[in-house]
file query_24.cif (mmCIF, C-alpha atoms)
data_protein
loop_
_atom_site.label_atom_id
_atom_site.label_comp_id
_atom_site.auth_asym_id
_atom_site.auth_seq_id
_atom_site.Cartn_x
_atom_site.Cartn_y
_atom_site.Cartn_z
CA MET A 273 63.86 112.24 31.99
CA SER A 274 66.31 110.23 30.06
CA ALA A 275 69.52 109.24 31.75
CA ILE A 276 68.29 107.59 34.94
CA ALA A 277 69.94 104.22 35.21
CA ASP A 278 67.94 101.16 36.00
CA PRO A 279 67.43 101.41 39.78
CA LYS A 280 67.80 97.67 40.13
CA ALA A 281 71.19 97.61 38.44
CA PRO A 282 73.95 96.43 40.70
CA ARG A 283 75.78 99.28 42.36
CA ALA A 284 79.33 99.76 41.20
CA PRO A 285 81.66 98.24 43.80
CA ARG A 286 83.10 100.97 45.99
CA ALA A 287 86.74 100.90 46.99
CA ARG A 288 86.96 100.17 50.70
CA PRO A 289 89.83 100.94 53.06
CA ALA A 290 92.17 97.98 53.30
CA ARG A 291 91.64 97.38 57.01
CA LEU A 292 87.95 96.62 56.52
CA THR A 293 88.81 93.61 54.46
CA THR A 294 89.22 90.26 56.07
CA ARG A 295 92.84 89.39 56.54
CA GLY A 296 92.89 86.09 58.31
CA ASN A 297 91.59 85.32 61.76
CA THR A 298 94.38 86.81 63.88
CA GLU A 299 92.03 88.72 66.15
CA LEU A 300 89.90 85.62 66.67
CA TYR A 301 92.93 83.57 67.66
CA GLY A 302 93.98 86.38 70.00
CA TRP A 303 90.54 86.36 71.60
CA VAL A 304 90.68 82.59 72.12
CA PHE A 305 94.24 82.83 73.44
CA MET A 306 93.23 85.37 76.10
CA ARG A 307 90.65 82.93 77.47
CA ALA A 308 92.77 79.77 77.25
CA SER A 309 95.91 81.38 78.69
CA GLY A 310 93.80 83.12 81.35
CA VAL A 311 92.64 79.80 82.80
CA ILE A 312 96.17 78.36 82.81
CA LEU A 313 97.58 81.57 84.30
CA LEU A 314 95.03 81.44 87.12
CA VAL A 315 96.46 78.07 88.21
CA LEU A 316 100.12 79.04 87.63
CA ILE A 317 99.92 82.43 89.36
CA PHE A 318 97.80 81.31 92.31
CA GLY A 319 100.32 78.49 92.85
CA HIS A 320 103.22 80.95 92.53
CA LEU A 321 101.65 83.35 95.03
CA PHE A 322 100.84 80.57 97.47
CA VAL A 323 104.33 79.08 97.47
CA ASN A 324 106.13 82.46 97.59
CA LEU A 325 103.87 84.58 99.81
CA VAL A 326 101.71 82.29 101.94
CA ALA A 327 103.54 79.00 102.60
CA GLY A 328 106.49 79.04 105.01
CA GLU A 329 107.71 82.46 106.01
CA GLY A 330 106.11 84.35 103.11
CA VAL A 331 107.86 87.41 101.63
CA LYS A 332 110.35 87.44 104.50
CA ALA A 333 111.89 84.21 103.25
CA ILE A 334 112.50 85.39 99.69
CA ASP A 335 116.19 85.77 98.94
CA PHE A 336 118.79 84.32 96.57
CA GLY A 337 118.81 81.00 98.42
CA PHE A 338 115.02 80.69 98.10
CA VAL A 339 115.03 81.36 94.34
CA ALA A 340 118.02 79.10 93.76
CA GLY A 341 116.36 76.33 95.76
CA LYS A 342 113.27 76.54 93.56
CA TRP A 343 115.10 76.72 90.23
CA ALA A 344 117.28 73.75 91.12
CA SER A 345 114.18 71.74 90.21
CA PRO A 346 113.07 71.45 86.57
CA PHE A 347 109.48 71.52 87.85
CA TRP A 348 109.74 75.15 88.95
CA GLN A 349 111.86 76.07 85.91
CA VAL A 350 109.09 74.88 83.61
CA TRP A 351 106.41 76.42 85.84
CA ASP A 352 108.09 79.83 85.80
CA LEU A 353 108.94 79.65 82.09
CA LEU A 354 105.31 78.90 81.20
CA MET A 355 104.14 81.66 83.52
CA LEU A 356 106.59 84.14 81.97
CA TRP A 357 105.59 83.42 78.38
CA LEU A 358 101.86 83.12 78.90
CA ALA A 359 101.65 86.17 81.16
CA MET A 360 103.75 88.30 78.81
CA ILE A 361 101.74 87.36 75.72
CA HIS A 362 98.44 87.73 77.60
CA GLY A 363 99.48 91.06 79.11
CA THR A 364 100.98 92.44 75.89
CA ASN A 365 97.85 91.54 73.95
CA GLY A 366 95.69 93.17 76.63
CA VAL A 367 97.70 96.39 76.60
CA ARG A 368 97.68 96.33 72.78
CA THR A 369 93.88 96.27 72.89
CA ILE A 370 93.83 99.21 75.29
CA VAL A 371 96.31 101.20 73.17
CA ASN A 372 94.16 100.55 70.11
CA ASP A 373 91.10 101.75 72.01
CA TYR A 374 92.42 104.96 73.52
CA ALA A 375 95.40 106.18 71.46
CA GLU A 376 93.49 107.80 68.62
CA ARG A 377 96.34 109.56 66.85
CA ASP A 378 98.00 107.20 64.37
CA GLY A 379 101.55 108.23 65.25
CA LEU A 380 100.99 107.92 68.97
CA ARG A 381 99.35 104.53 68.60
CA LEU A 382 102.22 103.26 66.48
CA ALA A 383 104.82 104.60 68.92
CA LEU A 384 103.10 103.07 71.96
CA LYS A 385 102.79 99.70 70.27
CA CYS A 386 106.45 99.72 69.17
CA LEU A 387 107.41 100.48 72.77
CA LEU A 388 105.13 97.68 73.98
CA TYR A 389 106.60 95.10 71.61
CA LEU A 390 110.12 96.20 72.51
CA ALA A 391 109.34 95.72 76.22
CA PHE A 392 107.85 92.31 75.40
CA MET A 393 110.97 91.18 73.56
CA VAL A 394 113.37 92.43 76.23
CA VAL A 395 111.46 90.93 79.16
CA VAL A 396 110.73 87.56 77.53
CA VAL A 397 114.28 87.08 76.23
CA LEU A 398 115.86 88.23 79.49
CA GLY A 399 113.54 86.14 81.65
CA THR A 400 114.03 83.01 79.53
CA LEU A 401 117.82 83.38 79.57
CA VAL A 402 117.81 83.88 83.35
CA ILE A 403 115.77 80.72 83.97
CA PHE A 404 117.99 78.57 81.75
CA THR A 405 121.46 79.99 82.42
CA PHE A 406 120.95 80.42 86.15
CA ASP A 407 123.70 79.01 88.40
CA PRO A 408 122.38 78.33 91.91
CA CYS A 409 125.93 78.01 93.27
CA PRO A 410 128.03 80.82 91.69
CA THR A 411 131.71 80.46 92.49
CA GLY A 412 133.11 83.01 94.91
CA ALA A 413 129.76 83.91 96.46
CA PRO A 414 129.53 83.80 100.27
CA ALA A 415 128.26 80.37 101.29
CA ASP A 416 125.67 81.76 103.72
CA LEU A 417 123.80 83.42 100.83
CA LEU A 418 123.56 80.21 98.82
CA PRO A 419 121.11 77.34 99.11
CA SER A 420 122.29 74.60 101.47
CA PHE A 421 122.90 72.03 98.73
CA CYS A 422 125.80 74.09 97.31
CA THR A 423 128.13 73.16 100.18
CA ALA A 424 127.01 69.56 100.39
CA MET B 160 67.63 113.71 95.42
CA SER B 161 66.03 111.63 92.75
CA ALA B 162 63.55 113.38 90.54
CA ALA B 163 60.02 112.12 90.10
CA PRO B 164 60.12 108.93 88.05
CA ASP B 165 58.03 110.45 85.29
CA ALA B 166 60.36 113.36 84.63
CA PRO B 167 62.87 111.89 82.20
CA VAL B 168 63.69 115.35 80.83
CA LYS B 169 66.11 115.97 83.71
CA ARG B 170 68.20 112.94 82.85
CA LYS B 171 71.40 113.83 81.09
CA ALA B 172 73.04 110.43 80.61
CA PRO B 173 71.06 107.64 78.98
CA ALA B 174 70.39 105.87 82.26
CA GLY B 175 68.58 102.61 82.53
CA THR B 176 70.44 100.80 79.79
CA LEU B 177 71.50 97.24 80.51
CA TYR B 178 75.16 98.04 80.34
CA ARG B 179 76.16 101.67 80.71
CA GLY B 180 76.96 102.78 84.24
CA ARG B 181 76.01 99.39 85.63
CA GLU B 182 77.75 96.27 86.88
CA GLY B 183 78.71 95.16 83.37
CA MET B 184 80.50 98.41 82.58
CA TRP B 185 82.26 98.83 85.92
CA SER B 186 83.55 95.25 85.98
CA TRP B 187 84.93 95.88 82.48
CA VAL B 188 86.64 99.07 83.69
CA ALA B 189 88.06 97.26 86.73
CA HIS B 190 89.30 94.41 84.53
CA ARG B 191 91.23 96.87 82.33
CA VAL B 192 92.67 98.85 85.24
CA THR B 193 93.82 95.76 87.15
CA GLY B 194 95.18 94.21 83.93
CA VAL B 195 97.37 97.22 83.13
CA ALA B 196 98.59 97.45 86.74
CA ILE B 197 99.53 93.76 86.79
CA PHE B 198 101.33 94.09 83.41
CA PHE B 199 103.57 96.93 84.62
CA PHE B 200 104.32 95.03 87.81
CA LEU B 201 105.26 92.00 85.71
CA LEU B 202 107.84 94.01 83.73
CA VAL B 203 109.49 95.19 86.95
CA HIS B 204 109.22 91.74 88.55
CA VAL B 205 111.11 90.00 85.71
CA LEU B 206 113.81 92.68 85.82
CA ASP B 207 114.34 92.42 89.58
CA THR B 208 114.35 88.62 89.47
CA ALA B 209 116.95 88.78 86.68
CA LEU B 210 119.37 90.16 89.29
CA VAL B 211 119.92 86.55 90.49
CA ARG B 212 122.04 86.26 87.35
CA ILE B 213 124.33 89.10 88.49
CA SER B 214 125.09 88.04 92.05
CA PRO B 215 123.42 86.81 95.25
CA GLU B 216 124.36 90.09 96.98
CA ASP B 217 122.73 92.28 94.32
CA TYR B 218 119.54 90.24 94.32
CA ASN B 219 119.28 90.20 98.10
CA SER B 220 119.90 93.92 98.45
CA VAL B 221 117.19 94.86 95.95
CA ILE B 222 114.71 92.34 97.37
CA GLY B 223 115.66 93.64 100.82
CA THR B 224 114.42 97.12 99.89
CA TYR B 225 111.05 95.51 99.12
CA LYS B 226 110.74 94.09 102.61
CA ASN B 227 109.22 97.10 104.31
CA PRO B 228 105.62 97.81 105.31
CA ILE B 229 104.91 100.14 102.36
CA MET B 230 105.96 97.54 99.80
CA GLY B 231 104.12 94.93 101.86
CA LEU B 232 100.90 96.92 101.45
CA GLY B 233 101.71 97.31 97.75
CA GLU B 234 102.00 93.52 97.47
CA ALA B 235 98.61 93.18 99.16
CA GLY B 236 97.17 95.56 96.54
CA LEU B 237 98.86 93.62 93.75
CA VAL B 238 97.45 90.32 95.00
CA ALA B 239 94.00 91.95 95.27
CA ALA B 240 94.27 93.11 91.64
CA ILE B 241 95.34 89.63 90.50
CA VAL B 242 92.56 87.87 92.43
CA PHE B 243 89.88 90.17 91.00
CA HIS B 244 91.28 89.91 87.45
CA ALA B 245 91.44 86.10 87.73
CA PHE B 246 87.90 85.58 89.03
CA ASN B 247 86.38 88.21 86.76
CA GLY B 248 88.25 86.58 83.85
CA ILE B 249 86.46 83.29 84.61
CA ARG B 250 83.18 85.27 84.64
CA ILE B 251 84.02 86.70 81.19
CA ILE B 252 84.70 83.20 79.87
CA LEU B 253 81.35 82.00 81.24
CA VAL B 254 79.56 84.98 79.67
CA ASP B 255 81.20 84.09 76.34
CA PHE B 256 80.85 80.32 76.31
CA TRP B 257 78.01 79.36 78.67
CA ALA B 258 74.61 79.69 77.03
CA LYS B 259 73.09 81.24 80.16
CA GLY B 260 76.19 83.33 80.91
CA PRO B 261 74.90 86.67 79.62
CA ARG B 262 71.68 86.27 81.61
CA TYR B 263 73.57 85.63 84.84
CA GLN B 264 76.44 88.07 84.29
CA ARG B 265 75.30 90.38 87.10
CA LEU B 266 74.81 87.54 89.58
CA MET B 267 78.20 86.17 88.55
CA LEU B 268 79.84 89.52 89.34
CA TRP B 269 78.50 89.30 92.90
CA ILE B 270 79.83 85.75 93.12
CA VAL B 271 83.22 87.05 91.86
CA LEU B 272 83.20 89.73 94.55
CA GLY B 273 82.20 87.17 97.19
CA LEU B 274 85.05 84.83 96.19
CA PHE B 275 87.38 87.84 96.13
CA VAL B 276 86.46 88.70 99.74
CA VAL B 277 86.91 85.08 100.86
CA THR B 278 90.30 84.74 99.10
CA MET B 279 91.60 88.04 100.45
CA ALA B 280 90.35 87.14 103.94
CA GLY B 281 92.50 84.02 103.70
CA PHE B 282 95.53 85.81 102.29
CA LEU B 283 95.68 89.20 104.04
CA PRO B 284 96.07 88.17 107.71
CA ARG B 285 98.90 85.78 106.91
CA HIS B 286 100.66 88.19 104.53
CA LEU B 287 100.33 91.16 106.92
CA MET B 288 101.73 89.01 109.74
CA HIS B 289 104.77 88.30 107.58
CA VAL B 290 105.12 91.97 106.63
CA PHE B 291 104.63 93.46 110.07
CA GLY B 292 106.57 90.71 111.81
CA GLY B 293 103.80 89.46 114.03
CA GLU B 294 104.67 85.83 113.55
#

call {"tool": "encode", "arguments": {"input": "query_24.cif", "output": "structure tokens"}}
result
Amino acid sequence: MSAIADPKAPRAPRARPARLTTRGNTELYGWVFMRASGVILLVLIFGHLFVNLVAGEGVKAIDFGFVAGKWASPFWQVWDLLMLWLAMIHGTNGVRTIVNDYAERDGLRLALKCLLYLAFMVVVVLGTLVIFTFDPCPTGAPADLLPSFCTA
Amino acid sequence: MSAAPDAPVKRKAPAGTLYRGREGMWSWVAHRVTGVAIFFFLLVHVLDTALVRISPEDYNSVIGTYKNPIMGLGEAGLVAAIVFHAFNGIRIILVDFWAKGPRYQRLMLWIVLGLFVVTMAGFLPRHLMHVFGGE
């Protein structure tokens, strides 16, 4: 029995796959974001649902004039912008988690996440542009479809 | 037809764990299902609202197709999903950050379901009156 190494000798470091190494705290920040944005979204979305579905005439009253009336005020512009961004980041991160959990094939997982991030970009950019470039009184539109302040 | 309590051989799934098949697991499943449903609605909702940028007529005609009883029931389901996801989300936060949260997670789920019933009882009659024109 000659060549047995000292059993107490430190084991040679084994090469580990790259994703087991610590690369920043991105997932921790994501976890915190889900909780922080969730609380804010509860307030924003319950307020949104109350004003649009419960107060006044509810869904029946929703038309161009209703939306234009709301977005004439910076208060609702900021409200809806915050809701759009927070909900899209919160929702995209949630779906990302689910894709990571269930899409086991590497190619499928990559494809689904690319699709997800594309949808995120399109919806957030489109929604933001709509809130900020919206004209409540477009020229040439029939006056009865517009909010009352357009004719005043 | 439950077997005699001292016949664990017949059990196939590892029953009796704290989590699997119990309130903790099913609330987690419901949180995922409602979350995905709300996310897909959100994508559609931003797209349809973006029609205000095209013209009042286009927006009103698309929103008009939503104003029928089937979509009205769909909205009720959407609100139900949002209310559950919101209250259960608060429960998750309490489980994570409140020292006694994990111990009371099951009780908190029943509180979530109680608040869900109360909120929906406040919302549904009014919404269904709007949808079915009873007002």

call {"tool": "closest_atom_pairs", "arguments": {"input": "query_24.cif", "of": "region 189-279 of chain B", "to": "region 402-409 of chain A", "cutoff": "8 Å", "atoms": "only C-alpha atoms", "output": "Markdown table"}}
result
| residue | atom | partner | partner_atom | distance |
| --- | --- | --- | --- | --- |
| B:Ala209 | CA | A:Val402 | CA | 6.0 |
| B:Val211 | CA | A:Phe406 | CA | 7.6 |
| B:Arg212 | CA | A:Phe406 | CA | 6.1 |

call {"tool": "closest_atom_pairs", "arguments": {"input": "query_24.cif", "of": "region 358-400 of chain A", "to": "region 178-201 of chain B", "cutoff": "8 Å", "atoms": "only C-alpha atoms", "output": "Markdown table"}}
result
| residue | atom | partner | partner_atom | distance |
| --- | --- | --- | --- | --- |
| A:Met360 | CA | B:Phe198 | CA | 7.8 |
| A:Gly363 | CA | B:Phe198 | CA | 5.6 |
| A:Thr364 | CA | B:Phe198 | CA | 7.7 |
| A:Gly366 | CA | B:Gly194 | CA | 7.4 |
| A:Val367 | CA | B:Val195 | CA | 6.6 |
| A:Ile370 | CA | B:Arg191 | CA | 7.9 |

call {"tool": "resolve_selection", "arguments": {"input": "query_24.cif", "expression": "the PyMOL selection byres ((chain A) within 9 of (chain B))", "output": "PyMOL selection string"}}
result
chain A and resi 307+310-311+313-314+317-318+321-322+325-326+329-332+334-337+339-340+356+359-360+363-364+366-367+370+391-392+395-396+398-399+401-403+405-408+410+413-414+417-418

call {"tool": "resolve_selection", "arguments": {"input": "query_24.cif", "expression": "the PyMOL selection byres ((chain B and resi 275) around 8)", "output": "list in words"}}
result
Ala239, Val242, Phe243, Phe246, Val271, Leu272, Gly273, Leu274, Val276, Val277, Thr278 and Met279 of chain B

call {"tool": "atom_distance", "arguments": {"input": "query_24.cif", "atom1": "CA of Ala240 (chain B)", "atom2": "CA of Arg377 (chain A)"}}
result
29.8 Å

call {"tool": "atom_distance", "arguments": {"input": "query_24.cif", "atom1": "CA of Trp303 (chain A)", "atom2": "CA of Gly260 (chain B)"}}
result
17.4 Å

call {"tool": "atom_distance", "arguments": {"input": "query_24.cif", "atom1": "CA of Ala383 (chain A)", "atom2": "CA of Phe305 (chain A)"}}
result
24.6 Å
